[in-house]
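For reference, work.cif is printed below; it contains mmCIF, C-alpha atoms.
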data_data
#
loop_
_atom_site.label_atom_id
_atom_site.label_comp_id
_atom_site.auth_asym_id
_atom_site.auth_seq_id
_atom_site.Cartn_x
_atom_site.Cartn_y
_atom_site.Cartn_z
CA MET A 5 9.91 25.43 -23.03
CA ALA A 6 9.54 25.31 -19.22
CA PHE A 7 12.54 24.04 -17.28
CA ASP A 8 10.53 21.19 -15.73
CA ALA A 9 9.41 20.08 -19.19
CA VAL A 10 13.03 19.98 -20.40
CA LYS A 11 14.03 17.96 -17.34
CA LYS A 12 11.16 15.58 -17.98
CA ILE A 13 12.14 14.99 -21.61
CA ALA A 14 15.81 14.47 -20.73
CA ALA A 15 14.97 12.13 -17.87
CA GLY A 16 12.50 10.22 -20.03
CA TYR A 17 15.15 9.65 -22.69
CA ALA A 18 17.64 8.42 -20.10
CA LEU A 19 15.00 6.16 -18.59
CA ASP A 20 14.21 4.66 -22.00
CA LYS A 21 17.87 3.67 -22.33
CA ALA A 22 18.05 2.32 -18.78
CA ILE A 23 14.95 0.16 -19.23
CA GLU A 24 16.35 -1.11 -22.53
CA TYR A 25 19.52 -2.23 -20.75
CA ILE A 26 17.55 -3.86 -17.94
CA THR A 27 15.34 -5.93 -20.21
CA LYS A 28 18.30 -7.12 -22.31
CA ASP A 29 20.32 -8.36 -19.35
CA PRO A 30 18.41 -7.87 -16.06
CA GLU A 31 20.98 -9.23 -13.66
CA LYS A 32 23.89 -7.35 -15.16
CA ASN A 33 22.17 -4.03 -15.80
CA LEU A 34 20.02 -3.48 -12.71
CA ILE A 35 22.82 -1.33 -11.34
CA THR A 36 22.65 0.77 -14.53
CA LEU A 37 19.13 1.73 -13.60
CA MET A 38 20.15 2.43 -10.01
CA ASP A 39 22.96 4.67 -11.32
CA PHE A 40 20.33 6.60 -13.26
CA VAL A 41 18.14 7.00 -10.16
CA GLU A 42 21.15 8.19 -8.17
CA LYS A 43 22.01 10.80 -10.80
CA VAL A 44 18.49 12.28 -10.96
CA ALA A 45 18.06 12.38 -7.18
CA ILE A 46 17.57 15.98 -6.14
CA THR A 47 19.10 16.23 -2.67
CA PRO A 48 22.28 14.79 -1.13
CA GLU A 49 20.07 12.79 1.25
CA HIS A 50 18.30 11.14 -1.69
CA LYS A 51 21.61 10.32 -3.37
CA ILE A 52 22.91 8.68 -0.18
CA ALA A 53 19.71 6.66 0.19
CA VAL A 54 19.90 5.43 -3.41
CA SER A 55 23.59 4.59 -3.00
CA LYS A 56 22.82 2.44 0.03
CA LEU A 57 19.94 0.78 -1.82
CA LYS A 58 22.25 0.05 -4.77
CA GLU A 59 24.75 -1.55 -2.41
CA HIS A 60 21.97 -3.68 -0.94
CA PHE A 61 20.92 -4.79 -4.44
CA GLN A 62 24.48 -5.74 -5.36
CA ASN A 63 24.79 -7.95 -2.30
CA SER A 64 21.40 -9.66 -2.57
CA PRO A 65 20.88 -12.62 -4.94
CA GLN A 66 17.14 -12.44 -4.15
CA ILE A 67 16.96 -8.90 -5.56
CA MET A 68 18.72 -10.04 -8.71
CA GLU A 69 16.28 -12.92 -9.12
CA GLN A 70 13.37 -10.54 -8.59
CA THR A 71 14.79 -8.27 -11.29
CA ARG A 72 14.85 -11.11 -13.80
CA ARG A 73 11.20 -11.79 -13.01
CA VAL A 74 9.90 -8.25 -13.53
CA ALA A 75 12.08 -7.44 -16.56
CA THR A 76 9.89 -9.57 -18.83
CA ASN A 77 7.48 -6.64 -19.37
CA SER A 78 9.45 -3.58 -20.49
CA LYS A 79 6.32 -1.44 -20.91
CA MET A 80 5.15 -1.99 -17.33
CA LEU A 81 8.68 -1.59 -15.99
CA TYR A 82 9.00 1.69 -17.86
CA ASN A 83 5.66 2.99 -16.57
CA LEU A 84 6.58 2.06 -13.00
CA PHE A 85 9.88 3.94 -13.08
CA ASN A 86 8.46 6.80 -15.13
CA SER A 87 5.77 7.40 -12.49
CA TYR A 88 8.02 6.86 -9.50
CA VAL A 89 11.40 8.21 -10.60
CA ILE A 90 10.54 11.01 -13.00
CA HIS A 91 7.12 12.21 -11.87
CA ALA A 92 6.95 11.30 -8.18
CA THR A 93 10.65 11.79 -7.33
CA LEU A 94 12.50 13.98 -9.81
CA LEU A 95 9.64 16.44 -10.38
CA GLY A 96 7.10 15.56 -7.71
CA LYS A 97 9.08 15.49 -4.48
CA PRO A 98 10.46 19.06 -4.72
CA LYS A 99 6.97 20.26 -5.66
CA ARG A 100 5.38 18.44 -2.69
CA GLU A 101 7.96 19.87 -0.30
CA LYS A 102 7.50 23.41 -1.61
CA ILE A 103 3.71 23.22 -1.36
CA ALA A 104 3.92 21.60 2.08
CA ALA A 105 6.01 24.52 3.34
CA THR A 106 3.35 26.94 2.08
CA LEU A 107 0.42 24.97 3.47
CA GLU A 108 2.23 24.17 6.74
CA VAL A 109 1.01 20.59 6.43
CA ASN A 110 2.55 17.58 4.73
CA VAL A 111 1.76 16.63 1.14
CA PRO A 112 1.85 12.83 0.92
CA MET A 113 3.37 10.66 -1.76
CA ALA A 114 0.26 8.49 -2.36
CA ILE A 115 -3.51 8.48 -1.95
CA LEU A 116 -5.72 5.46 -1.21
CA ILE A 117 -9.01 5.85 -3.11
CA ASP A 118 -12.19 3.75 -3.09
CA PRO A 119 -13.86 4.26 -6.50
CA THR A 120 -16.82 2.19 -5.30
CA ALA A 121 -18.08 0.55 -2.12
CA ALA A 122 -19.81 -2.17 -4.15
CA CYS A 123 -18.41 -5.69 -3.90
CA ASN A 124 -19.40 -9.06 -5.33
CA LEU A 125 -18.29 -10.88 -2.15
CA ARG A 126 -19.24 -10.62 1.51
CA CYS A 127 -16.08 -11.53 3.41
CA ASP A 128 -16.21 -12.17 7.12
CA GLY A 129 -14.61 -9.32 9.10
CA CYS A 130 -14.13 -7.04 6.06
CA TRP A 131 -12.65 -3.71 7.19
CA ALA A 132 -14.87 -1.89 4.64
CA GLY A 133 -17.94 -4.03 5.21
CA GLU A 134 -20.07 -1.33 6.86
CA TYR A 135 -19.72 1.36 4.20
CA ARG A 136 -22.87 1.99 2.11
CA LYS A 137 -22.65 -0.34 -0.90
CA ALA A 138 -24.38 2.20 -3.16
CA ASP A 139 -21.61 4.77 -2.69
CA HIS A 140 -19.25 5.45 -5.58
CA LEU A 141 -17.18 8.26 -7.05
CA GLU A 142 -18.47 9.73 -10.28
CA PRO A 143 -15.74 9.42 -12.95
CA GLU A 144 -15.51 13.23 -13.20
CA LEU A 145 -14.78 13.42 -9.47
CA PHE A 146 -12.29 10.54 -9.70
CA HIS A 147 -10.43 12.37 -12.47
CA ARG A 148 -10.53 15.63 -10.51
CA ILE A 149 -8.94 14.01 -7.47
CA ILE A 150 -6.12 12.55 -9.57
CA ASN A 151 -5.53 15.74 -11.54
CA GLU A 152 -5.45 17.88 -8.39
CA ALA A 153 -3.08 15.35 -6.84
CA LYS A 154 -0.68 15.63 -9.78
CA GLU A 155 -0.70 19.41 -9.41
CA LEU A 156 0.59 18.77 -5.88
CA GLY A 157 3.27 16.32 -7.09
CA ILE A 158 1.38 13.08 -6.25
CA TYR A 159 1.49 10.39 -8.94
CA TRP A 160 0.90 7.16 -7.00
CA PHE A 161 -2.63 5.93 -6.31
CA VAL A 162 -3.82 2.83 -4.49
CA LEU A 163 -7.37 1.64 -5.15
CA SER A 164 -9.59 -0.26 -2.77
CA GLY A 165 -13.28 -0.47 -1.98
CA GLY A 166 -15.50 -2.35 -2.15
CA GLU A 167 -14.06 -4.18 -5.11
CA PRO A 168 -12.29 -1.85 -7.59
CA PHE A 169 -13.11 -4.13 -10.52
CA CYS A 170 -16.81 -3.61 -9.79
CA TYR A 171 -16.31 0.04 -10.76
CA PRO A 172 -17.52 0.33 -14.39
CA TYR A 173 -15.24 3.26 -15.26
CA LEU A 174 -12.03 1.77 -13.85
CA PHE A 175 -10.17 1.07 -17.09
CA ASP A 176 -11.28 4.32 -18.71
CA VAL A 177 -9.91 6.38 -15.80
CA ILE A 178 -6.64 4.43 -15.69
CA ALA A 179 -6.18 4.81 -19.46
CA GLU A 180 -6.54 8.58 -19.31
CA GLN A 181 -4.15 8.88 -16.35
CA HIS A 182 -1.27 7.15 -18.15
CA ASP A 183 1.45 9.19 -16.40
CA SER A 184 0.42 7.82 -13.00
CA ALA A 185 0.88 4.42 -11.37
CA PHE A 186 -1.96 2.47 -9.75
CA MET A 187 -2.25 -0.56 -7.52
CA ALA A 188 -5.63 -2.14 -6.75
CA TYR A 189 -6.49 -4.31 -3.76
CA THR A 190 -8.81 -6.89 -5.29
CA ASN A 191 -10.53 -10.17 -4.48
CA GLY A 192 -9.47 -11.27 -7.98
CA THR A 193 -12.71 -12.98 -8.93
CA LEU A 194 -13.59 -10.49 -11.69
CA ILE A 195 -10.28 -10.66 -13.58
CA ASP A 196 -11.06 -12.75 -16.66
CA GLU A 197 -9.20 -12.94 -19.97
CA ARG A 198 -10.69 -9.68 -21.21
CA ALA A 199 -9.71 -7.80 -18.04
CA ALA A 200 -6.23 -9.35 -18.13
CA ASP A 201 -5.78 -8.22 -21.74
CA ARG A 202 -6.78 -4.68 -20.80
CA LEU A 203 -4.40 -4.63 -17.83
CA ALA A 204 -1.55 -5.77 -20.08
CA ALA A 205 -2.34 -3.06 -22.62
CA LEU A 206 -2.57 -0.29 -20.01
CA ALA A 207 0.53 -1.49 -18.09
CA ASN A 208 0.10 1.02 -15.26
CA LEU A 209 -2.14 -0.87 -12.83
CA SER A 210 -0.94 -3.75 -10.65
CA PRO A 211 -3.54 -5.92 -8.89
CA ALA A 212 -2.84 -7.07 -5.32
CA PHE A 213 -4.89 -10.21 -4.64
CA SER A 214 -6.44 -10.81 -1.23
CA LEU A 215 -5.62 -14.24 0.18
CA GLU A 216 -5.90 -15.73 3.66
CA GLY A 217 -3.64 -18.69 2.93
CA TRP A 218 -4.44 -21.91 1.08
CA ARG A 219 -7.89 -22.85 -0.26
CA GLU A 220 -9.50 -23.75 3.09
CA GLN A 221 -8.53 -20.50 4.80
CA THR A 222 -9.34 -18.28 1.80
CA ASP A 223 -12.66 -19.88 0.91
CA GLY A 224 -13.60 -20.01 4.59
CA ARG A 225 -13.46 -16.22 4.80
CA ARG A 226 -14.34 -15.22 1.22
CA GLY A 227 -16.65 -17.92 -0.10
CA GLU A 228 -16.35 -21.29 -1.81
CA GLY A 229 -14.42 -21.25 -5.06
CA THR A 230 -12.68 -17.93 -4.41
CA PHE A 231 -9.19 -19.40 -4.08
CA ASP A 232 -9.38 -21.14 -7.46
CA LYS A 233 -10.63 -17.96 -9.16
CA ILE A 234 -7.71 -15.99 -7.71
CA ILE A 235 -5.19 -18.57 -8.90
CA ARG A 236 -6.75 -18.49 -12.37
CA ALA A 237 -6.43 -14.68 -12.40
CA MET A 238 -2.78 -14.97 -11.39
CA ASP A 239 -2.14 -17.34 -14.28
CA LEU A 240 -3.80 -14.97 -16.75
CA LEU A 241 -1.69 -12.04 -15.59
CA ARG A 242 1.56 -14.01 -15.48
CA GLU A 243 0.98 -15.15 -19.08
CA ARG A 244 0.65 -11.48 -20.11
CA GLY A 245 3.56 -10.16 -18.05
CA VAL A 246 1.39 -8.01 -15.76
CA PHE A 247 3.03 -7.32 -12.38
CA PHE A 248 0.84 -8.44 -9.50
CA GLY A 249 1.15 -9.06 -5.80
CA LEU A 250 -0.70 -10.16 -2.69
CA SER A 251 -2.56 -8.47 0.12
CA VAL A 252 -2.85 -10.73 3.14
CA THR A 253 -4.63 -10.20 6.44
CA SER A 254 -2.38 -11.55 9.16
CA MET A 255 -4.58 -13.08 11.85
CA ARG A 256 -4.12 -15.20 14.92
CA ASN A 257 -5.26 -18.32 13.05
CA ASN A 258 -3.34 -18.02 9.77
CA ILE A 259 0.08 -16.37 10.09
CA HIS A 260 2.08 -19.60 10.17
CA GLU A 261 0.35 -20.66 6.96
CA LEU A 262 0.75 -17.27 5.25
CA PHE A 263 4.47 -17.06 5.97
CA SER A 264 5.36 -20.72 5.52
CA ASP A 265 8.06 -21.70 3.04
CA ASN A 266 5.56 -23.69 0.99
CA PHE A 267 3.04 -20.87 0.65
CA ILE A 268 5.62 -18.19 -0.18
CA ASP A 269 7.32 -20.47 -2.71
CA PHE A 270 3.93 -21.16 -4.28
CA LEU A 271 3.29 -17.42 -4.69
CA VAL A 272 6.73 -16.90 -6.24
CA GLU A 273 6.10 -19.75 -8.67
CA LYS A 274 2.76 -18.18 -9.61
CA GLY A 275 4.53 -14.93 -10.44
CA ALA A 276 3.74 -12.66 -7.48
CA THR A 277 6.33 -9.88 -7.13
CA TYR A 278 5.25 -8.34 -3.80
CA MET A 279 3.17 -9.08 -0.72
CA TRP A 280 1.58 -6.59 1.69
CA SER A 281 0.83 -7.87 5.18
CA PHE A 282 -1.95 -6.10 7.08
CA HIS A 283 -2.50 -7.06 10.70
CA TYR A 284 -6.15 -7.74 11.41
CA ILE A 285 -7.76 -4.57 12.81
CA PRO A 286 -11.17 -4.84 14.53
CA VAL A 287 -13.08 -2.43 12.27
CA GLY A 288 -15.85 -2.87 9.72
CA ARG A 289 -18.08 -5.94 9.56
CA ASN A 290 -18.34 -8.01 12.76
CA PRO A 291 -15.09 -6.89 14.44
CA ASN A 292 -13.50 -9.77 16.35
CA MET A 293 -10.72 -9.14 18.86
CA ASP A 294 -9.92 -12.86 18.90
CA LEU A 295 -8.50 -12.56 15.37
CA MET A 296 -5.88 -10.00 16.39
CA LEU A 297 -2.28 -11.14 16.65
CA THR A 298 -0.91 -11.83 20.10
CA PRO A 299 2.25 -9.93 21.10
CA GLU A 300 4.20 -13.18 20.80
CA GLN A 301 2.90 -13.77 17.26
CA ARG A 302 3.68 -10.21 16.24
CA ARG A 303 7.26 -10.58 17.45
CA TRP A 304 7.56 -13.87 15.56
CA MET A 305 6.41 -12.11 12.39
CA ILE A 306 9.19 -9.52 12.62
CA GLU A 307 11.86 -12.21 12.51
CA ARG A 308 10.04 -14.41 10.02
CA VAL A 309 9.30 -11.69 7.44
CA ARG A 310 12.88 -10.45 7.51
CA GLU A 311 14.13 -14.01 7.06
CA LEU A 312 11.90 -14.40 3.99
CA ARG A 313 13.22 -11.14 2.54
CA ARG A 314 16.73 -12.55 2.75
CA THR A 315 15.83 -15.89 1.18
CA ARG A 316 12.96 -15.40 -1.31
CA PRO A 317 12.69 -13.28 -4.51
CA ILE A 318 9.51 -11.48 -3.46
CA PHE A 319 9.22 -8.12 -1.71
CA ILE A 320 7.28 -8.40 1.56
CA ALA A 321 6.08 -5.38 3.54
CA ASP A 322 4.66 -5.77 7.05
CA PHE A 323 3.26 -2.30 7.66
CA TRP A 324 2.96 -2.37 11.45
CA ASN A 325 6.23 -4.21 12.08
CA ASP A 326 8.13 -2.14 9.51
CA GLY A 327 7.69 1.12 11.39
CA GLU A 328 11.46 1.32 11.81
CA TYR A 329 11.75 1.99 8.06
CA THR A 330 8.90 4.49 7.78
CA GLY A 331 9.50 6.53 10.94
CA GLY A 332 6.30 5.23 12.50
CA CYS A 333 2.73 5.69 11.27
CA ILE A 334 2.47 6.90 7.65
CA ALA A 335 -1.24 7.88 7.74
CA GLY A 336 -2.97 11.20 8.28
CA GLY A 337 -1.35 12.71 5.20
CA LYS A 338 2.22 11.96 6.28
CA GLN A 339 2.72 9.56 3.37
CA TYR A 340 -0.88 8.70 2.48
CA PHE A 341 -4.55 9.15 3.39
CA HIS A 342 -7.86 7.57 2.38
CA ILE A 343 -10.82 8.84 0.33
CA ASN A 344 -13.75 6.45 0.61
CA ALA A 345 -16.46 5.90 -1.99
CA ALA A 346 -18.73 8.48 -0.34
CA GLY A 347 -15.95 11.07 -0.71
CA ASP A 348 -15.15 11.20 3.02
CA VAL A 349 -11.50 12.01 3.65
CA GLU A 350 -10.11 9.66 6.32
CA PRO A 351 -6.57 9.60 7.74
CA CYS A 352 -6.24 5.83 7.26
CA ALA A 353 -8.05 2.90 5.71
CA PHE A 354 -8.86 1.64 9.20
CA VAL A 355 -9.77 4.93 10.92
CA HIS A 356 -13.33 5.56 9.81
CA PHE A 357 -13.71 9.15 10.93
CA ALA A 358 -13.55 12.35 8.90
CA VAL A 359 -14.04 16.10 9.06
CA ASP A 360 -14.11 16.78 5.30
CA ASN A 361 -15.59 15.44 2.09
CA ILE A 362 -13.77 15.75 -1.24
CA LYS A 363 -17.03 16.46 -3.08
CA ASN A 364 -17.24 19.99 -1.74
CA LYS A 365 -13.57 20.87 -1.21
CA SER A 366 -10.36 20.82 -3.20
CA LEU A 367 -7.63 18.32 -2.44
CA LYS A 368 -5.38 21.13 -1.26
CA ASP A 369 -8.07 22.23 1.20
CA VAL A 370 -8.73 18.78 2.66
CA LEU A 371 -5.01 18.22 3.25
CA GLN A 372 -5.19 21.09 5.75
CA ASN A 373 -8.03 19.61 7.80
CA PRO A 374 -7.60 19.60 11.60
CA PHE A 375 -7.61 15.79 11.86
CA PHE A 376 -4.55 15.47 9.60
CA LYS A 377 -2.81 18.29 11.44
CA ALA A 378 -3.46 16.52 14.75
CA TYR A 379 -2.03 13.30 13.31
CA GLN A 380 1.12 15.01 12.12
CA ARG A 381 1.64 16.83 15.42
CA LYS A 382 1.48 13.56 17.33
CA GLN A 383 3.53 11.40 14.94
CA PRO A 384 5.31 9.25 15.88
CA PHE A 385 2.73 7.95 18.31
CA ASN A 386 5.41 5.98 20.17
CA GLU A 387 9.15 6.51 20.33
CA ASN A 388 9.59 2.83 19.55
CA HIS A 389 8.59 2.56 15.88
CA LEU A 390 7.72 -1.10 16.35
CA ALA A 391 4.51 0.31 17.89
CA PRO A 392 3.52 2.88 15.25
CA CYS A 393 -0.27 2.65 15.05
CA PRO A 394 -2.76 4.93 16.85
CA ILE A 395 -5.42 2.19 16.62
CA ILE A 396 -3.66 -0.83 18.08
CA ASP A 397 -0.49 0.66 19.62
CA ALA A 398 -1.60 4.06 20.98
CA PRO A 399 -5.43 3.95 21.12
CA ALA A 400 -5.64 6.77 23.67
CA SER A 401 -4.08 9.11 21.09
CA LEU A 402 -6.78 8.24 18.56
CA ARG A 403 -9.54 8.91 21.07
CA ILE A 404 -8.06 12.33 21.90
CA MET A 405 -7.71 13.32 18.23
CA VAL A 406 -11.26 12.31 17.33
CA SER A 407 -12.65 14.16 20.34
CA GLU A 408 -10.65 17.33 19.79
CA CYS A 409 -11.28 17.52 16.04
CA ARG A 410 -15.00 16.66 16.32
CA ASP A 411 -14.79 14.09 13.55
CA TYR A 412 -17.89 12.32 12.29
CA PRO A 413 -17.99 8.52 11.88
CA THR A 414 -18.11 7.53 8.21
CA HIS A 415 -20.40 4.56 8.83
CA THR A 416 -22.58 3.18 11.58
CA GLY A 417 -20.57 1.38 14.23
CA ALA A 418 -17.24 3.08 13.65
CA GLU A 419 -17.39 4.46 17.20
CA HIS A 420 -16.77 1.05 18.77
CA LEU A 421 -13.01 1.62 18.43
CA LEU A 422 -13.27 4.49 20.90
CA GLN A 423 -15.46 3.07 23.67
CA GLY A 424 -16.74 -0.04 25.36
CA ASP A 425 -15.33 -3.55 25.27
CA VAL A 426 -13.23 -3.19 22.10
CA ALA A 427 -11.58 0.01 23.34
CA GLU A 428 -10.75 -1.59 26.70
CA LYS A 429 -9.23 -4.65 25.03
CA LEU A 430 -7.20 -2.47 22.65
CA ASP A 431 -5.76 -0.60 25.65
CA LEU A 432 -4.71 -3.88 27.28
CA LEU A 433 -3.30 -5.43 24.10
CA SER A 434 -1.38 -2.30 23.13
CA GLY A 435 0.24 -2.16 26.57
CA ARG A 436 1.30 -5.79 26.30
CA TRP A 437 2.76 -5.24 22.83
CA ARG A 438 4.70 -2.12 23.80
CA ALA A 439 6.40 -4.06 26.60
CA VAL A 440 7.39 -6.84 24.18
CA ALA A 441 8.43 -4.34 21.50
CA ASP A 442 10.64 -2.41 23.92
CA ASP A 443 12.40 -5.60 25.04
CA PHE A 444 12.79 -6.73 21.44
CA LYS A 445 14.26 -3.43 20.31
CA ALA A 446 16.65 -3.35 23.26
CA ALA A 447 17.88 -6.83 22.30
CA GLY A 448 18.57 -5.73 18.72
CA LEU A 449 16.39 -6.14 15.61
CA PRO A 450 17.12 -8.76 12.93
CA ARG A 451 18.44 -7.22 9.74
CA LEU A 452 16.14 -6.33 6.85
#
Rendering of file as C-alpha cells:
Amino acid sequence: MAFDAVKKIAAGYALDKAIEYITKDPEKNLITLMDFVEKVAITPEHKIAVSKLKEHFQNSPQIMEQTRRVATNSKMLYNLFNSYVIHATLLGKPKREKIAATLEVNVPMAILIDPTAACNLRCDGCWAGEYRKADHLEPELFHRIINEAKELGIYWFVLSGGEPFCYPYLFDVIAEQHDSAFMAYTNGTLIDERAADRLAALANLSPAFSLEGWREQTDGRRGEGTFDKIIRAMDLLRERGVFFGLSVTSMRNNIHELFSDNFIDFLVEKGATYMWSFHYIPVGRNPNMDLMLTPEQRRWMIERVRELRRTRPIFIADFWNDGEYTGGCIAGGKQYFHINAAGDVEPCAFVHFAVDNIKNKSLKDVLQNPFFKAYQRKQPFNENHLAPCPIIDAPASLRIMVSECRDYPTHTGAEHLLQGDVAEKLDLLSGRWRAVADDFKAAGLPRL
C-alpha cells in the first residue's frame, strides 16, 4: 500500500476519535482536536501556527461557544476536518508545494467556480450581472476541474454564479466528490425542505446566504420577499444541523446595520457560524461608485469587525481589511482563482479578464498563464497589507497587468475598471485610503 494511503488511513482513524470526543463534550475536547492537528502538521512552521491558534482558542470564550454550536452535526464536522486537515493539509499542502516548485507558479488552496451564470433574481449592482445567463459548465467538465484539482492537492471549492442552486447537477456533483469540501454563495430562495434534506445527507456543502441587512435593505436590492425566504432557509438548515453562514456586501449605506449588535446577534440566534464581508466593488451590473465605502467607513470597519470577533460566537472575515493575516491579496492563484460559467479563468471574482479557458486546457496549464504570473510577481500590491487589492487599492497595477498580458474581457463592459470616469475615481479613492491606512497602521492595529 502506498505511503500516502497509509497516512490517510491512520489520520482518518485518529480524526474519527477526535470528532467523537468533540461531539461528546465540545467545550472540554476542542483542544483534543487541536492537539491532533498539531501532531499531523508537516512542517515546524505549521506546528507553531497551530500551537498559537490553540492558545487563542483556550483564551477565547467566543470560540468555545462557537464549538458547542457546530458540534451538533458530527458528520459535517468530520467532513470539514477530513477535507481540510487530512486532504488539504496533511496530504495536499506538501503536494501543492512540490508541484508549485516544478511549475514555478503557485498552486492555490481553493478554487472559486461558477457552475452556472443563471439566476432566479436580478439584484441591483450584482458583480456577476453582465455574464451571459446561458453559460454553464457541463457536469463532465465540472468533475474534470475538481478531479484535476485534487491531483494538485486542492480539496476546497467555493461555488458562485449566477445562483449555484439553479444548476441542475449540483447535488449529483457534490455527492460524487465526497472527499472535498464545498461552500456556495447563494441568494437562499431555492433552498426548500427537499434541498435542506439533501444538504444534511451530503454534509459537505455549506451555503453562505447573501444579505444586505434587515428586510428593507435586502428586499430593496434583491426583490420583495427575499429576506423572508432566506430566513426560512436558515431555519430549515438549523433544524437539520447543516453549517451555514452569510455573505454580505458592505456598502456606504448599510455597514452600520450589517455590523450592529442587533443584526449580528440575530444571525447567531438563527444559527449562522460564519460571515464573509465583501466591500462593494464597481463591477458587473450598473456599477455605482457612490456605494463604495469611504476611507473613514473602511477604517471604522477594521475596529468594529475585530470587536465583534472578541465578543460574538461567529467567525467574521473582512477580506480587504484582513490583508494583515493573508499577506495581502490572495487572488491570481496565490490562494485562489475564479473559473466562470463560460470556463474563463479569471484571477479574482471581481477582475473580469482572462487569457485562458478551462474548456481547452488542463488545470495545471491554466495555473501557468501569464496573468497569474504577473499577479504573483507584483504581490503584495502595497507594502501596507491594509491596502491589498489591485482593483480598489492599487488600480494602476491592474491596468499594467491587463495591458501587458493582453487579457480579454469576459463580458461586455468589464473594461470600465481600466478607463474613464470609474478608473479616475478609483485612483482618487485608493490614494485617500492608502493615506488613512498608513496612519492607522502607524498608530497600531486593534487585536484580532
Answer key for the PyMOL selection byres ((chain A and resi 145-147) around 10), residues as a list in words: Ile117, Asp118, Pro119, His140, Leu141, Glu142, Pro143, Glu144, Arg148, Ile149, Ile150, Asn151, Glu152, Ala153, Tyr173, Leu174, Val177, Ile178, Glu180, Gln181, Ala345, Gly347, Ile362 and Lys363 of chain A
Cut-off 9 Å around (2.4, 0.4, 17.5) with all atoms listed in the file: residues as number ranges by chain: A: 324-325, 327, 332-333, 385-386, 388-398, 434, 437-438, 441
Close residues, stretch 133-135 of chain A itself excluded, 10 Å, only C-alpha atoms, min 6 positions apart in chain, as a PyMOL selection string: chain A and resi 120-123+126-127+165-166+287-290+344-346+356+414-418
Coordinates-based distance that separates atom CA of A:Val89 from atom CA of A:Asp39 (Å, one decimal):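 Spanning atom CA of A:Asp39 to atom CA of A:Val89 is a straight-line distance of 12.1 Å.
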Length of the atom CA of A:Glu155 to atom CA of A:Phe85 vector [Å]: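 Those two atoms sit 19.1 Å apart.
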Contact residues around A:His91 with all atoms listed in the file at 8 Å, ignoring same-chain residues under 4 positions, as a ChimeraX atom specification: /A:86-87,95-96,157,159,183
Contacts of A:Phe248 at 6 Å (all atoms listed in the file; same-chain gap of 2+ positions) as an MDAnalysis selection string: chainID A and resid 210:212 276
Shell of 9 Å around A:Lys58, only C-alpha atoms, local chain residues under 6 positions omitted, as a ChimeraX atom specification: /A:34-35,38-39,42
Please dump the current selection as a CSV table (one decimal), keeping the file's coordinate frame; keep C-alpha atoms.
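File written: out_16.csv
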chain,number,residue,atom,x,y,z
A,34,LEU,CA,20.0,-3.5,-12.7
A,35,ILE,CA,22.8,-1.3,-11.3
A,38,MET,CA,20.2,2.4,-10.0
A,39,ASP,CA,23.0,4.7,-11.3
A,42,GLU,CA,21.2,8.2,-8.2
Distance of atom CA of A:Lys382 from atom CA of A:Asn110, expressed in Å to one decimal place: 13.3 Å
